[in-house]
Amino acid sequence: MTAASPNTPIDVAELLAFYASAGADEALEDAPVNRFAEARPRPAERAPAPARETRLEARPAAVPDAGRTAEPSPPAPGLDVSSIPDAPARPMAAAVPDEAQALLARQLAASAATLDELRQHMAAFEGCNLKFTAKNLVFADGNPKADLMLVGEAPGRDEDLEGLPFVGRSGRLLDRMLAAIGLDRSSAYIANVIPWRPPGNRTPTPHETEICRPFIERQIELVNPKVLVNLGGPSAKTLLNTTDGILRLRGNWRVHTTAAGTVIPAMPTLHPAYLLRTPAHKKLAWRDFLEVKAKLRAIS
Ligand code: URA
């Protein structure tokens, strides 16, 4: 599809609104990239894939590369890719999630003896595609010595810009929810299952979640909270070993078991972003937070 060049500010505004409504809310590169052409290298270019480290070195440092996909999706059925001109040659900047990266994430997470070390390992880790479109690692906010730890899904735009979890609209609601039970960010620790913003706030893929899982599990282990709150279904499913939906899970105590076998009571509840869209359910989250307050009282 070729769009006519926008001529007036109104054309530009309409085009941007169209892109935003389609979920494209970031400009990653100045020029479009033809991924279909990348999928069919010319015979002379066909060479065995270099080792992962080599491919990563080929990526210019500190330049977020939207063309990082080493194995692009096959063209849609029926699409004649031969009519699409080849993209200009560009280095294969690969960070395709694979088993080796999942293994590396597990090893790095396990080797972190402190939260600082864990943050450093995560900042240096290049095995998750999301890192290359995110502006910042969103590690955590709050008090790592707190009794309560809350885990959301993944950073959004505001969190990515600030490098802190839950600082946008849903974060402001979360702050009010915490205040309602007498807590704030000095008495709670907040993190996400995924520490890099998925582009356009898309749902992280199961593979991305699997790659990031060891980091959040180790983070929980190192904080060792007395109570965990899972904000939303993805956090609950990833950390509570269940496939149930959040509306079924919420309000009932579950447990998160760390790699070392420590059992932490966990309360799955509704995500603040969901509550912003569905304010009628705030009363359910309120009940869950009262449960959390009672549990914290009982065990301290
Ligand atoms: N939603 C999340 O799950 N986490 C954030 O940090 C922000 C919004």
# chains A, B, ... in the order shown; residues from 1 in each chain; ligands from 1
>>> residues_near_ligand(ligand="ligand 1", cutoff="10 Å", atoms="only C-alpha atoms and all ligand atoms", output="VMD selection string")
chain A and resid 138 to 141 150 to 160 163 to 172 174 190 to 197 201 230 to 235 271 to 274
>>> residues_around(residues="Ala188 (chain A)", least_positions_apart="3", cutoff="6 Å", atoms="only C-alpha atoms", output="ChimeraX atom specification")
/A:142-143,146,148-149,185
>>> write_last_selection(atoms="N, CA and C atoms", output="PDB file, in the first residue's frame")
ATOM      1  N   GLY A 142      10.217   1.795  44.275  1.00  0.00           N
ATOM      2  CA  GLY A 142       9.763   1.513  45.629  1.00  0.00           C
ATOM      3  C   GLY A 142      10.883   1.020  46.517  1.00  0.00           C
ATOM      4  N   ASN A 143      10.467   0.377  47.581  1.00  0.00           N
ATOM      5  CA  ASN A 143      11.393  -0.008  48.645  1.00  0.00           C
ATOM      6  C   ASN A 143      11.688  -1.506  48.596  1.00  0.00           C
ATOM      7  N   ALA A 146      10.569  -3.643  51.462  1.00  0.00           N
ATOM      8  CA  ALA A 146       9.142  -3.627  51.841  1.00  0.00           C
ATOM      9  C   ALA A 146       8.594  -5.051  52.010  1.00  0.00           C
ATOM     10  N   LEU A 148       5.629  -5.780  51.020  1.00  0.00           N
ATOM     11  CA  LEU A 148       4.724  -6.011  49.891  1.00  0.00           C
ATOM     12  C   LEU A 148       5.439  -5.756  48.561  1.00  0.00           C
ATOM     13  N   MET A 149       5.302  -6.725  47.638  1.00  0.00           N
ATOM     14  CA  MET A 149       5.817  -6.523  46.271  1.00  0.00           C
ATOM     15  C   MET A 149       4.659  -6.687  45.295  1.00  0.00           C
ATOM     16  N   ARG A 185       4.894   4.200  47.823  1.00  0.00           N
ATOM     17  CA  ARG A 185       6.066   3.560  47.218  1.00  0.00           C
ATOM     18  C   ARG A 185       7.256   3.445  48.168  1.00  0.00           C
TER      19      ARG A 185
END
>>> closest_residue(among="A:Met267, A:Leu173, A:Pro206, A:Lys131", to="Pro279 (chain A)", atoms="only C-alpha atoms")
A:Leu173
>>> residues_around(residues="Ala298 (chain A)", least_positions_apart="3", cutoff="12 Å", atoms="only C-alpha atoms", output="list of chain:residue names")
A:Asp147, A:Lys226, A:Val227, A:Glu291, A:Val292, A:Lys293, A:Ala294, A:Lys295
>>> write_last_selection(atoms="N, CA and C atoms", output="compact mmCIF listing (two decimals), in the first residue's frame")
# COMPACT_ATOMS: atom_id res chain seq x y z
N ASP A 147 7.54 -5.15 52.82
CA ASP A 147 6.88 -6.46 52.99
C ASP A 147 6.05 -6.81 51.76
N LYS A 226 6.91 -10.39 52.00
CA LYS A 226 6.01 -11.27 52.79
C LYS A 226 4.75 -11.54 51.99
N VAL A 227 4.37 -10.59 51.15
CA VAL A 227 3.15 -10.74 50.34
C VAL A 227 3.43 -10.24 48.92
N GLU A 291 -7.89 -7.45 51.62
CA GLU A 291 -7.32 -8.77 51.97
C GLU A 291 -5.81 -8.67 52.17
N VAL A 292 -5.18 -7.93 51.28
CA VAL A 292 -3.73 -7.76 51.35
C VAL A 292 -3.36 -7.04 52.64
N LYS A 293 -4.11 -6.00 52.94
CA LYS A 293 -3.84 -5.23 54.17
C LYS A 293 -3.96 -6.15 55.40
N ALA A 294 -5.02 -6.95 55.41
CA ALA A 294 -5.23 -7.84 56.57
C ALA A 294 -4.09 -8.86 56.66
N LYS A 295 -3.67 -9.38 55.52
CA LYS A 295 -2.58 -10.37 55.53
C LYS A 295 -1.28 -9.73 56.04
>>> atom_distance(atom1="CA of Thr238 (chain A)", atom2="CA of Thr209 (chain A)")
7.8 Å
>>> residues_around(residues="Pro268 (chain A)", least_positions_apart="5", cutoff="10 Å", atoms="only C-alpha atoms", output="PyMOL selection string")
chain A and resi 150-151+228-233+235-237+239-240+246-255+285+288-289
>>> residues_around(residues="Asp98 (chain A)", least_positions_apart="2", cutoff="10 Å", atoms="only C-alpha atoms", output="list in words")
Ala95, Val96, Ala100, Gln101, Ala102, Leu103, Leu104, Gly127, Cys128, His207, Glu208, Glu210 and Ile211 of chain A
>>> residues_around(residues="region 259-262 of chain A", least_positions_apart="2", cutoff="10 Å", atoms="only C-alpha atoms", output="PyMOL selection string")
chain A and resi 110+214+217-218+221+224+255-257+264-265
>>> residues_around(residues="Ser111 (chain A)", least_positions_apart="2", cutoff="12 Å", atoms="only C-alpha atoms", output="VMD selection string")
chain A and resid 104 to 109 113 to 122 214 to 215 218 to 219 222
>>> write_last_selection(atoms="N, CA, C and O atoms", output="PDB file, in the first residue's frame")
ATOM      1  N   LEU A 104      20.442 -18.561  28.872  1.00  0.00           N
ATOM      2  CA  LEU A 104      21.345 -17.512  29.360  1.00  0.00           C
ATOM      3  C   LEU A 104      20.629 -16.638  30.401  1.00  0.00           C
ATOM      4  O   LEU A 104      21.209 -16.289  31.436  1.00  0.00           O
ATOM      5  N   ALA A 105      19.375 -16.311  30.131  1.00  0.00           N
ATOM      6  CA  ALA A 105      18.610 -15.502  31.091  1.00  0.00           C
ATOM      7  C   ALA A 105      18.511 -16.229  32.426  1.00  0.00           C
ATOM      8  O   ALA A 105      18.683 -15.624  33.495  1.00  0.00           O
ATOM      9  N   ARG A 106      18.278 -17.531  32.372  1.00  0.00           N
ATOM     10  CA  ARG A 106      18.179 -18.294  33.627  1.00  0.00           C
ATOM     11  C   ARG A 106      19.514 -18.283  34.371  1.00  0.00           C
ATOM     12  O   ARG A 106      19.563 -18.109  35.589  1.00  0.00           O
ATOM     13  N   GLN A 107      20.593 -18.452  33.611  1.00  0.00           N
ATOM     14  CA  GLN A 107      21.921 -18.483  34.265  1.00  0.00           C
ATOM     15  C   GLN A 107      22.271 -17.117  34.861  1.00  0.00           C
ATOM     16  O   GLN A 107      22.754 -17.029  35.990  1.00  0.00           O
ATOM     17  N   LEU A 108      21.998 -16.064  34.096  1.00  0.00           N
ATOM     18  CA  LEU A 108      22.322 -14.718  34.594  1.00  0.00           C
ATOM     19  C   LEU A 108      21.505 -14.400  35.839  1.00  0.00           C
ATOM     20  O   LEU A 108      22.019 -13.876  36.828  1.00  0.00           O
ATOM     21  N   ALA A 109      20.215 -14.702  35.766  1.00  0.00           N
ATOM     22  CA  ALA A 109      19.343 -14.397  36.909  1.00  0.00           C
ATOM     23  C   ALA A 109      19.814 -15.151  38.145  1.00  0.00           C
ATOM     24  O   ALA A 109      19.943 -14.579  39.233  1.00  0.00           O
ATOM     25  N   ALA A 113      23.575 -12.039  42.891  1.00  0.00           N
ATOM     26  CA  ALA A 113      23.483 -12.197  44.347  1.00  0.00           C
ATOM     27  C   ALA A 113      22.730 -11.048  44.993  1.00  0.00           C
ATOM     28  O   ALA A 113      22.318 -11.142  46.149  1.00  0.00           O
ATOM     29  N   THR A 114      22.581  -9.934  44.263  1.00  0.00           N
ATOM     30  CA  THR A 114      21.882  -8.768  44.811  1.00  0.00           C
ATOM     31  C   THR A 114      20.989  -8.173  43.718  1.00  0.00           C
ATOM     32  O   THR A 114      21.155  -8.477  42.528  1.00  0.00           O
ATOM     33  N   LEU A 115      20.102  -7.277  44.135  1.00  0.00           N
ATOM     34  CA  LEU A 115      19.241  -6.613  43.151  1.00  0.00           C
ATOM     35  C   LEU A 115      20.070  -5.767  42.196  1.00  0.00           C
ATOM     36  O   LEU A 115      19.777  -5.683  41.005  1.00  0.00           O
ATOM     37  N   ASP A 116      21.122  -5.141  42.708  1.00  0.00           N
ATOM     38  CA  ASP A 116      21.986  -4.336  41.839  1.00  0.00           C
ATOM     39  C   ASP A 116      22.631  -5.199  40.755  1.00  0.00           C
ATOM     40  O   ASP A 116      22.693  -4.821  39.595  1.00  0.00           O
ATOM     41  N   GLU A 117      23.110  -6.361  41.178  1.00  0.00           N
ATOM     42  CA  GLU A 117      23.717  -7.272  40.193  1.00  0.00           C
ATOM     43  C   GLU A 117      22.682  -7.718  39.176  1.00  0.00           C
ATOM     44  O   GLU A 117      22.957  -7.801  37.981  1.00  0.00           O
ATOM     45  N   LEU A 118      21.479  -7.996  39.658  1.00  0.00           N
ATOM     46  CA  LEU A 118      20.425  -8.436  38.745  1.00  0.00           C
ATOM     47  C   LEU A 118      20.125  -7.339  37.727  1.00  0.00           C
ATOM     48  O   LEU A 118      20.016  -7.594  36.526  1.00  0.00           O
ATOM     49  N   ARG A 119      20.023  -6.115  38.212  1.00  0.00           N
ATOM     50  CA  ARG A 119      19.760  -4.994  37.295  1.00  0.00           C
ATOM     51  C   ARG A 119      20.887  -4.892  36.240  1.00  0.00           C
ATOM     52  O   ARG A 119      20.635  -4.693  35.061  1.00  0.00           O
ATOM     53  N   GLN A 120      22.134  -5.051  36.710  1.00  0.00           N
ATOM     54  CA  GLN A 120      23.263  -4.965  35.759  1.00  0.00           C
ATOM     55  C   GLN A 120      23.195  -6.086  34.714  1.00  0.00           C
ATOM     56  O   GLN A 120      23.401  -5.857  33.527  1.00  0.00           O
ATOM     57  N   HIS A 121      22.877  -7.295  35.174  1.00  0.00           N
ATOM     58  CA  HIS A 121      22.779  -8.418  34.221  1.00  0.00           C
ATOM     59  C   HIS A 121      21.670  -8.153  33.207  1.00  0.00           C
ATOM     60  O   HIS A 121      21.814  -8.431  32.018  1.00  0.00           O
ATOM     61  N   MET A 122      20.558  -7.621  33.692  1.00  0.00           N
ATOM     62  CA  MET A 122      19.430  -7.370  32.782  1.00  0.00           C
ATOM     63  C   MET A 122      19.786  -6.262  31.788  1.00  0.00           C
ATOM     64  O   MET A 122      19.444  -6.320  30.607  1.00  0.00           O
ATOM     65  N   PRO A 214      12.855 -15.640  34.216  1.00  0.00           N
ATOM     66  CA  PRO A 214      13.859 -15.867  35.262  1.00  0.00           C
ATOM     67  C   PRO A 214      14.262 -14.585  35.988  1.00  0.00           C
ATOM     68  O   PRO A 214      14.587 -14.622  37.176  1.00  0.00           O
ATOM     69  N   PHE A 215      14.227 -13.452  35.271  1.00  0.00           N
ATOM     70  CA  PHE A 215      14.638 -12.195  35.902  1.00  0.00           C
ATOM     71  C   PHE A 215      13.641 -11.778  36.979  1.00  0.00           C
ATOM     72  O   PHE A 215      14.031 -11.422  38.086  1.00  0.00           O
ATOM     73  N   ARG A 218      13.808 -14.137  39.955  1.00  0.00           N
ATOM     74  CA  ARG A 218      14.963 -13.870  40.835  1.00  0.00           C
ATOM     75  C   ARG A 218      14.758 -12.563  41.617  1.00  0.00           C
ATOM     76  O   ARG A 218      15.149 -12.459  42.789  1.00  0.00           O
ATOM     77  N   GLN A 219      14.130 -11.590  40.946  1.00  0.00           N
ATOM     78  CA  GLN A 219      13.865 -10.306  41.623  1.00  0.00           C
ATOM     79  C   GLN A 219      12.969 -10.550  42.854  1.00  0.00           C
ATOM     80  O   GLN A 219      13.219 -10.020  43.934  1.00  0.00           O
ATOM     81  N   LEU A 222      15.030 -12.210  45.545  1.00  0.00           N
ATOM     82  CA  LEU A 222      15.973 -11.318  46.237  1.00  0.00           C
ATOM     83  C   LEU A 222      15.253 -10.321  47.141  1.00  0.00           C
ATOM     84  O   LEU A 222      15.742  -9.984  48.218  1.00  0.00           O
TER      85      LEU A 222
END
>>> atom_distance(atom1="CA of Ala13 (chain A)", atom2="CA of Thr203 (chain A)")
26.6 Å
>>> select_by_dssp(residues="region 147-265 of chain A", states="strand (DSSP E or B)", output="list in words")
Leu148, Met149, Leu150, Val151, Gly152, Ala188, Tyr189, Ile190, Ala191, Asn192, Val227, Leu228, Val229, Asn230, Leu231, Arg254, Val255, His256, Thr257, Val263, Ile264 and Pro265 of chain A
>>> write_last_selection(atoms="C-alpha atoms", output="CSV table (one decimal), in the first residue's frame")
chain,number,residue,atom,x,y,z
A,148,LEU,CA,4.7,-6.0,49.9
A,149,MET,CA,5.8,-6.5,46.3
A,150,LEU,CA,3.5,-5.8,43.3
A,151,VAL,CA,4.2,-7.2,39.9
A,152,GLY,CA,2.5,-5.9,36.7
A,188,ALA,CA,5.9,-1.3,48.6
A,189,TYR,CA,8.2,-2.6,45.9
A,190,ILE,CA,6.9,-2.5,42.3
A,191,ALA,CA,8.2,-4.4,39.2
A,192,ASN,CA,6.9,-6.0,36.0
A,227,VAL,CA,3.1,-10.7,50.3
A,228,LEU,CA,3.0,-10.6,46.5
A,229,VAL,CA,0.3,-8.9,44.5
A,230,ASN,CA,-0.1,-9.9,40.9
A,231,LEU,CA,-1.6,-7.0,38.9
A,254,ARG,CA,-2.4,-18.4,46.0
A,255,VAL,CA,1.3,-18.9,46.4
A,256,HIS,CA,4.4,-18.1,44.5
A,257,THR,CA,7.2,-20.6,45.1
A,263,VAL,CA,6.5,-20.0,49.6
A,264,ILE,CA,5.1,-16.5,49.3
A,265,PRO,CA,1.4,-15.7,49.7
>>> atom_distance(atom1="CA of Ala280 (chain A)", atom2="CA of Ile181 (chain A)")
19.4 Å
>>> select_by_dssp(residues="region 180-258 of chain A", states="alpha helix (DSSP H)", output="PyMOL selection string")
chain A and resi 180+206-223+233-239+246-249
